[in-house]
>>> print(open('my_file-v7.pdb').read())   # PDB, C-alpha atoms, pLDDT in the B column
ATOM      1  CA  MET B1147       5.253   0.033   6.513  1.00 72.00           C
ATOM      2  CA  ASN B1148       2.467   1.194   8.762  1.00 84.00           C
ATOM      3  CA  VAL B1149      -1.129   1.824   7.809  1.00 94.00           C
ATOM      4  CA  VAL B1150      -3.012   4.728   9.421  1.00 96.00           C
ATOM      5  CA  VAL B1151      -6.412   3.613  10.754  1.00 97.00           C
ATOM      6  CA  GLU B1152      -9.354   5.188  12.536  1.00 95.00           C
ATOM      7  CA  LYS B1153     -12.008   3.632  14.739  1.00 93.00           C
ATOM      8  CA  THR B1154     -15.598   3.753  13.507  1.00 92.00           C
ATOM      9  CA  ASP B1155     -18.836   2.231  14.777  1.00 92.00           C
ATOM     10  CA  THR B1156     -17.977  -0.955  12.868  1.00 91.00           C
ATOM     11  CA  GLY B1157     -14.347  -1.196  14.034  1.00 93.00           C
ATOM     12  CA  TRP B1158     -10.966  -0.087  12.732  1.00 96.00           C
ATOM     13  CA  VAL B1159     -10.772   1.031   9.078  1.00 96.00           C
ATOM     14  CA  ARG B1160      -8.065   2.566   6.915  1.00 96.00           C
ATOM     15  CA  PHE B1161      -7.871   6.365   7.249  1.00 95.00           C
ATOM     16  CA  SER B1162      -7.955   7.201   3.564  1.00 92.00           C
ATOM     17  CA  GLY B1163      -9.576   9.302   0.903  1.00 89.00           C
ATOM     18  CA  LEU B1164      -8.868  12.300  -1.252  1.00 89.00           C
ATOM     19  CA  GLU B1165     -11.001  14.790   0.653  1.00 92.00           C
ATOM     20  CA  VAL B1166      -9.689  16.822   3.558  1.00 94.00           C
ATOM     21  CA  ARG B1167     -11.349  15.755   6.799  1.00 94.00           C
ATOM     22  CA  THR B1168     -12.257  17.912   9.784  1.00 94.00           C
ATOM     23  CA  MET B1169     -10.893  16.232  12.904  1.00 93.00           C
ATOM     24  CA  GLU B1170     -11.485  17.449  16.428  1.00 91.00           C
ATOM     25  CA  ILE B1171      -8.963  17.230  19.237  1.00 92.00           C
ATOM     26  CA  GLU B1172      -9.062  18.324  22.840  1.00 91.00           C
ATOM     27  CA  VAL B1173      -6.341  20.629  24.127  1.00 91.00           C
ATOM     28  CA  SER B1174      -5.662  21.968  27.600  1.00 92.00           C
ATOM     29  CA  THR B1175      -3.056  24.640  26.929  1.00 92.00           C
ATOM     30  CA  CYS B1176      -3.544  28.156  25.679  1.00 92.00           C
ATOM     31  CA  THR B1177      -1.645  31.315  24.882  1.00 92.00           C
ATOM     32  CA  ILE B1178      -2.440  34.301  27.048  1.00 92.00           C
ATOM     33  CA  THR B1179      -1.999  37.726  25.447  1.00 93.00           C
ATOM     34  CA  TYR B1180      -2.222  40.696  27.797  1.00 93.00           C
ATOM     35  CA  GLY B1181      -3.324  44.183  26.841  1.00 94.00           C
ATOM     36  CA  ASP B1182       0.182  45.518  27.449  1.00 95.00           C
ATOM     37  CA  GLY B1183       1.576  43.132  24.788  1.00 93.00           C
ATOM     38  CA  ARG B1184       2.961  40.400  27.046  1.00 94.00           C
ATOM     39  CA  VAL B1185       2.399  36.854  25.775  1.00 94.00           C
ATOM     40  CA  GLU B1186       2.497  33.682  27.847  1.00 92.00           C
ATOM     41  CA  ALA B1187       2.437  30.643  25.558  1.00 91.00           C
ATOM     42  CA  ASP B1188       1.462  27.069  26.407  1.00 91.00           C
ATOM     43  CA  GLN B1189      -0.234  27.893  29.695  1.00 92.00           C
ATOM     44  CA  PRO B1190      -2.466  25.240  31.328  1.00 93.00           C
ATOM     45  CA  CYS B1191      -6.189  25.943  30.974  1.00 92.00           C
ATOM     46  CA  PRO B1192      -9.502  24.042  31.087  1.00 94.00           C
ATOM     47  CA  PRO B1193      -9.767  21.556  28.179  1.00 93.00           C
ATOM     48  CA  TYR B1194     -11.472  22.760  25.019  1.00 93.00           C
ATOM     49  CA  LYS B1195     -12.049  21.373  21.505  1.00 94.00           C
ATOM     50  CA  VAL B1196     -10.107  22.513  18.441  1.00 93.00           C
ATOM     51  CA  GLN B1197     -10.875  21.512  14.861  1.00 95.00           C
ATOM     52  CA  HIS B1198      -8.058  20.720  12.428  1.00 93.00           C
ATOM     53  CA  GLN B1199      -8.206  19.927   8.721  1.00 95.00           C
ATOM     54  CA  LEU B1200      -6.377  16.688   7.853  1.00 95.00           C
ATOM     55  CA  SER B1201      -5.708  15.167   4.470  1.00 95.00           C
ATOM     56  CA  PRO B1202      -5.546  11.368   4.816  1.00 95.00           C
ATOM     57  CA  MET B1203      -3.009  11.182   1.966  1.00 94.00           C
ATOM     58  CA  ARG B1204      -0.788  13.802   3.598  1.00 95.00           C
ATOM     59  CA  VAL B1205      -1.023  12.100   6.991  1.00 96.00           C
ATOM     60  CA  GLN B1206       0.100   8.800   5.408  1.00 94.00           C
ATOM     61  CA  GLN B1207       3.009  10.624   3.704  1.00 93.00           C
ATOM     62  CA  LEU B1208       4.090  12.143   7.016  1.00 95.00           C
ATOM     63  CA  VAL B1209       3.995   8.688   8.631  1.00 95.00           C
ATOM     64  CA  ASP B1210       5.901   7.089   5.732  1.00 93.00           C
ATOM     65  CA  GLN B1211       8.572   9.809   5.937  1.00 95.00           C
ATOM     66  CA  GLY B1212       8.945   9.219   9.682  1.00 94.00           C
ATOM     67  CA  LEU B1213       7.798  12.755  10.492  1.00 96.00           C
ATOM     68  CA  TRP B1214       4.619  11.664  12.305  1.00 95.00           C
ATOM     69  CA  THR B1215       4.465   8.910  14.898  1.00 95.00           C
ATOM     70  CA  GLN B1216       1.736   7.422  17.036  1.00 95.00           C
ATOM     71  CA  ASP B1217       2.102  10.428  19.355  1.00 95.00           C
ATOM     72  CA  ASN B1218       1.018  12.755  16.526  1.00 95.00           C
ATOM     73  CA  LEU B1219      -1.921  10.529  15.541  1.00 96.00           C
ATOM     74  CA  SER B1220      -3.360   9.774  18.995  1.00 94.00           C
ATOM     75  CA  PRO B1221      -5.023  13.164  19.601  1.00 93.00           C
ATOM     76  CA  TYR B1222      -7.108  12.576  16.446  1.00 94.00           C
ATOM     77  CA  GLY B1223      -8.139   9.061  17.477  1.00 93.00           C
ATOM     78  CA  LEU B1224      -5.915   7.562  14.778  1.00 96.00           C
ATOM     79  CA  LYS B1225      -3.546   4.614  15.159  1.00 96.00           C
ATOM     80  CA  LEU B1226      -0.737   2.963  13.276  1.00 96.00           C
ATOM     81  CA  ALA B1227      -1.649  -0.552  12.205  1.00 96.00           C
ATOM     82  CA  THR B1228       0.991  -3.107  11.347  1.00 94.00           C
ATOM     83  CA  GLU B1229       0.837  -4.064   7.666  1.00 94.00           C
ATOM     84  CA  PHE B1230      -0.073  -7.680   6.860  1.00 96.00           C
ATOM     85  CA  ALA B1231       2.803  -9.913   5.779  1.00 95.00           C
ATOM     86  CA  VAL B1232       1.687 -12.461   3.177  1.00 95.00           C
ATOM     87  CA  PRO B1233       3.052 -15.907   4.098  1.00 95.00           C
ATOM     88  CA  GLU B1234       5.292 -17.681   1.591  1.00 94.00           C
ATOM     89  CA  GLY B1235       3.291 -19.606  -0.999  1.00 93.00           C
ATOM     90  CA  LYS B1236       0.055 -17.760  -0.183  1.00 95.00           C
ATOM     91  CA  ARG B1237      -1.900 -14.873  -1.697  1.00 95.00           C
ATOM     92  CA  THR B1238      -4.454 -12.522  -0.167  1.00 96.00           C
ATOM     93  CA  VAL B1239      -8.149 -12.993  -0.797  1.00 93.00           C
ATOM     94  CA  GLY B1240     -10.861 -10.368  -0.313  1.00 94.00           C
ATOM     95  CA  ALA B1241     -10.782  -7.025   1.427  1.00 94.00           C
ATOM     96  CA  GLU B1242      -8.537  -5.964   4.265  1.00 95.00           C
ATOM     97  CA  SER B1243      -9.761  -5.797   7.813  1.00 96.00           C
ATOM     98  CA  PHE B1244      -8.137  -4.705  11.049  1.00 96.00           C
ATOM     99  CA  VAL B1245      -8.020  -6.339  14.475  1.00 96.00           C
ATOM    100  CA  GLU B1246      -6.952  -4.898  17.787  1.00 95.00           C
ATOM    101  CA  GLU B1247      -5.161  -7.023  20.355  1.00 95.00           C
ATOM    102  CA  ASN B1248      -3.645  -5.612  23.531  1.00 94.00           C
ATOM    103  CA  GLY B1249      -3.945  -2.069  22.172  1.00 91.00           C
ATOM    104  CA  ALA B1250      -2.094  -2.842  18.911  1.00 93.00           C
ATOM    105  CA  VAL B1251      -3.942  -2.809  15.578  1.00 96.00           C
ATOM    106  CA  SER B1252      -2.967  -5.151  12.738  1.00 95.00           C
ATOM    107  CA  GLN B1253      -4.080  -5.394   9.124  1.00 96.00           C
ATOM    108  CA  VAL B1254      -5.561  -8.802   8.297  1.00 96.00           C
ATOM    109  CA  PHE B1255      -6.403 -10.618   5.074  1.00 96.00           C
ATOM    110  CA  GLU B1256      -7.705 -14.070   4.388  1.00 95.00           C
ATOM    111  CA  VAL B1257      -5.180 -16.098   2.424  1.00 95.00           C
ATOM    112  CA  GLU B1258      -5.192 -19.063   0.109  1.00 95.00           C
ATOM    113  CA  ASP B1259      -2.504 -21.248  -1.431  1.00 95.00           C
ATOM    114  CA  ILE B1260      -1.050 -19.987  -4.692  1.00 95.00           C
ATOM    115  CA  PRO B1261      -2.006 -22.639  -7.220  1.00 92.00           C
ATOM    116  CA  PRO B1262       0.827 -24.282  -9.165  1.00 91.00           C
ATOM    117  CA  PRO B1263       1.337 -22.952 -12.679  1.00 89.00           C
ATOM    118  CA  GLU B1264      -0.564 -24.650 -15.464  1.00 88.00           C
ATOM    119  CA  PRO B1265       1.635 -27.147 -17.307  1.00 86.00           C
ATOM    120  CA  GLU B1266       2.734 -26.080 -20.767  1.00 81.00           C
ATOM    121  CA  PRO B1267       0.664 -27.799 -23.467  1.00 83.00           C
ATOM    122  CA  GLU B1268       2.452 -30.501 -25.474  1.00 86.00           C
ATOM    123  CA  LEU B1269       3.736 -28.912 -28.674  1.00 82.00           C
ATOM    124  CA  THR B1270       4.262 -30.526 -32.040  1.00 86.00           C
ATOM    125  CA  VAL B1271       7.725 -30.416 -33.616  1.00 82.00           C
ATOM    126  CA  ASP B1272       6.553 -27.707 -36.028  1.00 82.00           C
ATOM    127  CA  GLN B1273       5.185 -25.620 -33.131  1.00 83.00           C
ATOM    128  CA  ARG B1274       8.458 -25.970 -31.193  1.00 80.00           C
ATOM    129  CA  ILE B1275      10.486 -24.893 -34.251  1.00 81.00           C
ATOM    130  CA  ASP B1276       8.201 -21.890 -34.813  1.00 81.00           C
ATOM    131  CA  ARG B1277       8.539 -20.894 -31.142  1.00 80.00           C
ATOM    132  CA  MET B1278      12.355 -21.142 -31.243  1.00 78.00           C
ATOM    133  CA  LEU B1279      12.511 -19.137 -34.447  1.00 81.00           C
ATOM    134  CA  GLY B1280      10.097 -16.553 -33.045  1.00 80.00           C
ATOM    135  CA  ASP B1281      12.501 -15.950 -30.127  1.00 79.00           C
ATOM    136  CA  TYR B1282      15.039 -14.711 -32.724  1.00 80.00           C
ATOM    137  CA  GLY B1283      12.534 -12.890 -34.920  1.00 81.00           C
ATOM    138  CA  VAL B1284      13.061 -15.341 -37.768  1.00 80.00           C
ATOM    139  CA  THR B1285      10.260 -16.909 -39.815  1.00 82.00           C
ATOM    140  CA  ARG B1286      10.256 -20.486 -41.062  1.00 80.00           C
ATOM    141  CA  GLU B1287      10.552 -19.201 -44.644  1.00 84.00           C
ATOM    142  CA  GLN B1288      13.616 -17.112 -43.758  1.00 83.00           C
ATOM    143  CA  MET B1289      15.262 -20.103 -42.084  1.00 81.00           C
ATOM    144  CA  LEU B1290      14.542 -22.340 -45.076  1.00 82.00           C
ATOM    145  CA  ALA B1291      15.983 -19.706 -47.446  1.00 85.00           C
ATOM    146  CA  VAL B1292      19.222 -19.604 -45.396  1.00 81.00           C
ATOM    147  CA  ILE B1293      19.443 -23.417 -45.407  1.00 82.00           C
ATOM    148  CA  GLN B1294      18.743 -23.571 -49.166  1.00 83.00           C
ATOM    149  CA  ALA B1295      21.395 -20.923 -49.819  1.00 82.00           C
ATOM    150  CA  GLY B1296      23.860 -22.908 -47.731  1.00 76.00           C
ATOM    151  CA  LEU B1297      23.081 -26.126 -49.593  1.00 76.00           C
ATOM    152  CA  THR B1298      23.577 -24.529 -53.031  1.00 75.00           C
ATOM    153  CA  THR B1299      26.846 -22.920 -51.892  1.00 68.00           C
ATOM    154  CA  ASP B1300      28.115 -26.228 -50.499  1.00 61.00           C
ATOM    155  CA  ALA B1301      27.153 -28.056 -53.726  1.00 58.00           C
ATOM    156  CA  ALA B1302      29.126 -25.666 -55.888  1.00 56.00           C
TER     157      ALA B1302
END
>>> encode(input="my_file-v7.pdb", output="structure tokens")
Amino acid sequence: MNVVVEKTDTGWVRFSGLEVRTMEIEVSTCTITYGDGRVEADQPCPPYKVQHQLSPMRVQQLVDQGLWTQDNLSPYGLKLATEFAVPEGKRTVGAESFVEENGAVSQVFEVEDIPPPEPEPELTVDQRIDRMLGDYGVTREQMLAVIQAGLTTDAA
């Protein structure tokens, strides 16, 4: 999965948020419409700025669906960052950051070892019996009643 990022004064950050953002791109084609009704589309012209409204959530959806690629993001100054892969036996610590190397941006986290699970406390025999019975939804009293009933039936 790719993460959409934008460059700010402090570096690359995730392009996210719920609010629609106004993004400016530069274009150098135009459509010429003549008075007699003729139209010539996509004609070269001097570069000019155009503002577009972008929803960060929608942009991420388009990327996830494979409908937008880096070519669609570049005019807005956005990039696809490679998502961080957590190494086996590790977990992420702290906030994400992004680094750029040779033009590629990658998501980065600090990692730490996953601690081993806490050992189970030593249980008494009564506690172990209660735990086993609890797995079947049976109380100690119910079990004793069944045993007592079995003993009186066997004795008869």
>>> residues_around(input="my_file-v7.pdb", residues="Val1205 (chain B)", least_positions_apart="4", cutoff="12 Å", atoms="only C-alpha atoms", output="list in words")
Asn1148, Val1149, Val1150, Val1151, Arg1160, Phe1161, Ser1162, Gly1163, Leu1164, Val1166, Arg1167, Gln1199, Leu1200, Ser1201, Val1209, Asp1210, Gln1211, Gly1212, Leu1213, Trp1214, Thr1215, Gln1216, Asn1218, Leu1219, Tyr1222, Leu1224, Lys1225 and Leu1226 of chain B
>>> resolve_selection(input="my_file-v7.pdb", expression="the PyMOL selection byres ((chain B and resi 1189) around 7)", output="PDB file with C-alpha atoms, in the coordinates of the input")
ATOM      1  CA  THR B1175      -3.056  24.640  26.929  1.00 92.00           C
ATOM      2  CA  CYS B1176      -3.544  28.156  25.679  1.00 92.00           C
ATOM      3  CA  THR B1177      -1.645  31.315  24.882  1.00 92.00           C
ATOM      4  CA  GLU B1186       2.497  33.682  27.847  1.00 92.00           C
ATOM      5  CA  ALA B1187       2.437  30.643  25.558  1.00 91.00           C
ATOM      6  CA  ASP B1188       1.462  27.069  26.407  1.00 91.00           C
ATOM      7  CA  PRO B1190      -2.466  25.240  31.328  1.00 93.00           C
ATOM      8  CA  CYS B1191      -6.189  25.943  30.974  1.00 92.00           C
TER       9      CYS B1191
END
>>> atom_distance(input="my_file-v7.pdb", atom1="CA of Ser1252 (chain B)", atom2="CA of Arg1237 (chain B)")
17.4 Å
>>> closest_residue(input="my_file-v7.pdb", among="B:Ala1227, B:Leu1297, B:Met1278, B:Ile1260", to="Met1147 (chain B)", atoms="all atoms listed in the file")
B:Ala1227
>>> residues_around(input="my_file-v7.pdb", residues="Lys1195 (chain B)", least_positions_apart="3", cutoff="7 Å", atoms="all atoms listed in the file", output="JSON, numbers by chain")
{"B": [1170, 1171, 1172, 1173]}
>>> atom_distance(input="my_file-v7.pdb", atom1="CA of Gly1283 (chain B)", atom2="CA of Glu1266 (chain B)")
21.7 Å
>>> atom_distance(input="my_file-v7.pdb", atom1="CA of Gln1288 (chain B)", atom2="CA of Asp1276 (chain B)")
11.5 Å
>>> resolve_selection(input="my_file-v7.pdb", expression="the PyMOL selection byres ((chain B and resi 1244) around 10)", output="JSON, numbers by chain")
{"B": [1151, 1153, 1157, 1158, 1159, 1160, 1227, 1228, 1229, 1230, 1242, 1243, 1245, 1246, 1251, 1252, 1253, 1254, 1255]}
>>> decode(input="my_file-v7.pdb", residues="region 1187-1220 of chain B", atoms="N, CA and C atoms", output="PDB file, in the first residue's frame")
ATOM      1  N   ALA B1187      -9.097  22.202 -28.866  1.00  0.00           N
ATOM      2  CA  ALA B1187      -8.768  21.794 -27.491  1.00  0.00           C
ATOM      3  C   ALA B1187      -7.298  21.436 -27.364  1.00  0.00           C
ATOM      4  N   ASP B1188      -6.806  21.546 -26.144  1.00  0.00           N
ATOM      5  CA  ASP B1188      -5.439  21.142 -25.779  1.00  0.00           C
ATOM      6  C   ASP B1188      -4.370  21.775 -26.673  1.00  0.00           C
ATOM      7  N   GLN B1189      -4.493  23.073 -26.876  1.00  0.00           N
ATOM      8  CA  GLN B1189      -3.504  23.811 -27.649  1.00  0.00           C
ATOM      9  C   GLN B1189      -2.404  24.330 -26.721  1.00  0.00           C
ATOM     10  N   PRO B1190      -1.141  24.314 -27.156  1.00  0.00           N
ATOM     11  CA  PRO B1190      -0.064  24.857 -26.323  1.00  0.00           C
ATOM     12  C   PRO B1190      -0.280  26.357 -26.098  1.00  0.00           C
ATOM     13  N   CYS B1191       0.050  26.821 -24.892  1.00  0.00           N
ATOM     14  CA  CYS B1191      -0.061  28.233 -24.567  1.00  0.00           C
ATOM     15  C   CYS B1191       0.926  28.546 -23.449  1.00  0.00           C
ATOM     16  N   PRO B1192       1.147  29.822 -23.126  1.00  0.00           N
ATOM     17  CA  PRO B1192       2.043  30.152 -22.018  1.00  0.00           C
ATOM     18  C   PRO B1192       1.514  29.544 -20.715  1.00  0.00           C
ATOM     19  N   PRO B1193       2.396  29.065 -19.848  1.00  0.00           N
ATOM     20  CA  PRO B1193       1.947  28.445 -18.584  1.00  0.00           C
ATOM     21  C   PRO B1193       1.136  29.414 -17.720  1.00  0.00           C
ATOM     22  N   TYR B1194       0.136  28.852 -17.061  1.00  0.00           N
ATOM     23  CA  TYR B1194      -0.682  29.633 -16.131  1.00  0.00           C
ATOM     24  C   TYR B1194      -1.120  28.712 -14.988  1.00  0.00           C
ATOM     25  N   LYS B1195      -1.525  29.310 -13.875  1.00  0.00           N
ATOM     26  CA  LYS B1195      -1.909  28.552 -12.677  1.00  0.00           C
ATOM     27  C   LYS B1195      -3.411  28.282 -12.688  1.00  0.00           C
ATOM     28  N   VAL B1196      -3.769  27.068 -12.214  1.00  0.00           N
ATOM     29  CA  VAL B1196      -5.155  26.664 -12.085  1.00  0.00           C
ATOM     30  C   VAL B1196      -5.332  26.071 -10.692  1.00  0.00           C
ATOM     31  N   GLN B1197      -6.406  26.449 -10.011  1.00  0.00           N
ATOM     32  CA  GLN B1197      -6.666  25.909  -8.686  1.00  0.00           C
ATOM     33  C   GLN B1197      -7.688  24.775  -8.780  1.00  0.00           C
ATOM     34  N   HIS B1198      -7.376  23.684  -8.064  1.00  0.00           N
ATOM     35  CA  HIS B1198      -8.279  22.533  -7.992  1.00  0.00           C
ATOM     36  C   HIS B1198      -8.585  22.259  -6.522  1.00  0.00           C
ATOM     37  N   GLN B1199      -9.753  21.732  -6.265  1.00  0.00           N
ATOM     38  CA  GLN B1199     -10.146  21.322  -4.920  1.00  0.00           C
ATOM     39  C   GLN B1199      -9.877  19.821  -4.796  1.00  0.00           C
ATOM     40  N   LEU B1200      -9.076  19.434  -3.795  1.00  0.00           N
ATOM     41  CA  LEU B1200      -8.761  18.024  -3.581  1.00  0.00           C
ATOM     42  C   LEU B1200      -9.136  17.611  -2.166  1.00  0.00           C
ATOM     43  N   SER B1201      -9.766  16.477  -2.067  1.00  0.00           N
ATOM     44  CA  SER B1201     -10.053  15.866  -0.775  1.00  0.00           C
ATOM     45  C   SER B1201      -8.954  14.837  -0.517  1.00  0.00           C
ATOM     46  N   PRO B1202      -8.181  15.002   0.556  1.00  0.00           N
ATOM     47  CA  PRO B1202      -7.123  14.019   0.835  1.00  0.00           C
ATOM     48  C   PRO B1202      -7.653  12.588   0.931  1.00  0.00           C
ATOM     49  N   MET B1203      -8.831  12.418   1.545  1.00  0.00           N
ATOM     50  CA  MET B1203      -9.393  11.058   1.652  1.00  0.00           C
ATOM     51  C   MET B1203      -9.727  10.494   0.272  1.00  0.00           C
ATOM     52  N   ARG B1204     -10.273  11.312  -0.584  1.00  0.00           N
ATOM     53  CA  ARG B1204     -10.635  10.851  -1.937  1.00  0.00           C
ATOM     54  C   ARG B1204      -9.381  10.543  -2.751  1.00  0.00           C
ATOM     55  N   VAL B1205      -8.357  11.375  -2.607  1.00  0.00           N
ATOM     56  CA  VAL B1205      -7.105  11.121  -3.327  1.00  0.00           C
ATOM     57  C   VAL B1205      -6.536   9.768  -2.894  1.00  0.00           C
ATOM     58  N   GLN B1206      -6.527   9.484  -1.593  1.00  0.00           N
ATOM     59  CA  GLN B1206      -6.010   8.204  -1.104  1.00  0.00           C
ATOM     60  C   GLN B1206      -6.849   7.040  -1.648  1.00  0.00           C
ATOM     61  N   GLN B1207      -8.172   7.219  -1.724  1.00  0.00           N
ATOM     62  CA  GLN B1207      -9.038   6.177  -2.298  1.00  0.00           C
ATOM     63  C   GLN B1207      -8.681   5.918  -3.759  1.00  0.00           C
ATOM     64  N   LEU B1208      -8.485   6.990  -4.512  1.00  0.00           N
ATOM     65  CA  LEU B1208      -8.140   6.843  -5.931  1.00  0.00           C
ATOM     66  C   LEU B1208      -6.815   6.103  -6.099  1.00  0.00           C
ATOM     67  N   VAL B1209      -5.857   6.398  -5.219  1.00  0.00           N
ATOM     68  CA  VAL B1209      -4.562   5.706  -5.255  1.00  0.00           C
ATOM     69  C   VAL B1209      -4.762   4.237  -4.891  1.00  0.00           C
ATOM     70  N   ASP B1210      -5.496   3.970  -3.817  1.00  0.00           N
ATOM     71  CA  ASP B1210      -5.723   2.594  -3.368  1.00  0.00           C
ATOM     72  C   ASP B1210      -6.440   1.756  -4.424  1.00  0.00           C
ATOM     73  N   GLN B1211      -7.327   2.384  -5.191  1.00  0.00           N
ATOM     74  CA  GLN B1211      -8.075   1.686  -6.234  1.00  0.00           C
ATOM     75  C   GLN B1211      -7.268   1.553  -7.530  1.00  0.00           C
ATOM     76  N   GLY B1212      -6.076   2.136  -7.554  1.00  0.00           N
ATOM     77  CA  GLY B1212      -5.233   2.062  -8.743  1.00  0.00           C
ATOM     78  C   GLY B1212      -5.645   3.019  -9.843  1.00  0.00           C
ATOM     79  N   LEU B1213      -6.537   3.969  -9.526  1.00  0.00           N
ATOM     80  CA  LEU B1213      -7.007   4.911 -10.534  1.00  0.00           C
ATOM     81  C   LEU B1213      -6.089   6.118 -10.675  1.00  0.00           C
ATOM     82  N   TRP B1214      -5.356   6.455  -9.605  1.00  0.00           N
ATOM     83  CA  TRP B1214      -4.381   7.540  -9.653  1.00  0.00           C
ATOM     84  C   TRP B1214      -3.003   6.959  -9.392  1.00  0.00           C
ATOM     85  N   THR B1215      -2.035   7.454 -10.153  1.00  0.00           N
ATOM     86  CA  THR B1215      -0.644   7.037  -9.990  1.00  0.00           C
ATOM     87  C   THR B1215       0.201   8.270  -9.668  1.00  0.00           C
ATOM     88  N   GLN B1216       1.493   8.067  -9.618  1.00  0.00           N
ATOM     89  CA  GLN B1216       2.394   9.184  -9.361  1.00  0.00           C
ATOM     90  C   GLN B1216       2.221  10.281 -10.410  1.00  0.00           C
ATOM     91  N   ASP B1217       1.906   9.898 -11.636  1.00  0.00           N
ATOM     92  CA  ASP B1217       1.704  10.899 -12.697  1.00  0.00           C
ATOM     93  C   ASP B1217       0.544  11.841 -12.376  1.00  0.00           C
ATOM     94  N   ASN B1218      -0.500  11.328 -11.730  1.00  0.00           N
ATOM     95  CA  ASN B1218      -1.637  12.181 -11.358  1.00  0.00           C
ATOM     96  C   ASN B1218      -1.317  13.074 -10.173  1.00  0.00           C
ATOM     97  N   LEU B1219      -0.433  12.613  -9.284  1.00  0.00           N
ATOM     98  CA  LEU B1219      -0.105  13.347  -8.062  1.00  0.00           C
ATOM     99  C   LEU B1219       0.952  14.427  -8.276  1.00  0.00           C
ATOM    100  N   SER B1220       1.879  14.188  -9.175  1.00  0.00           N
ATOM    101  CA  SER B1220       3.025  15.095  -9.374  1.00  0.00           C
ATOM    102  C   SER B1220       2.650  16.549  -9.622  1.00  0.00           C
TER     103      SER B1220
END
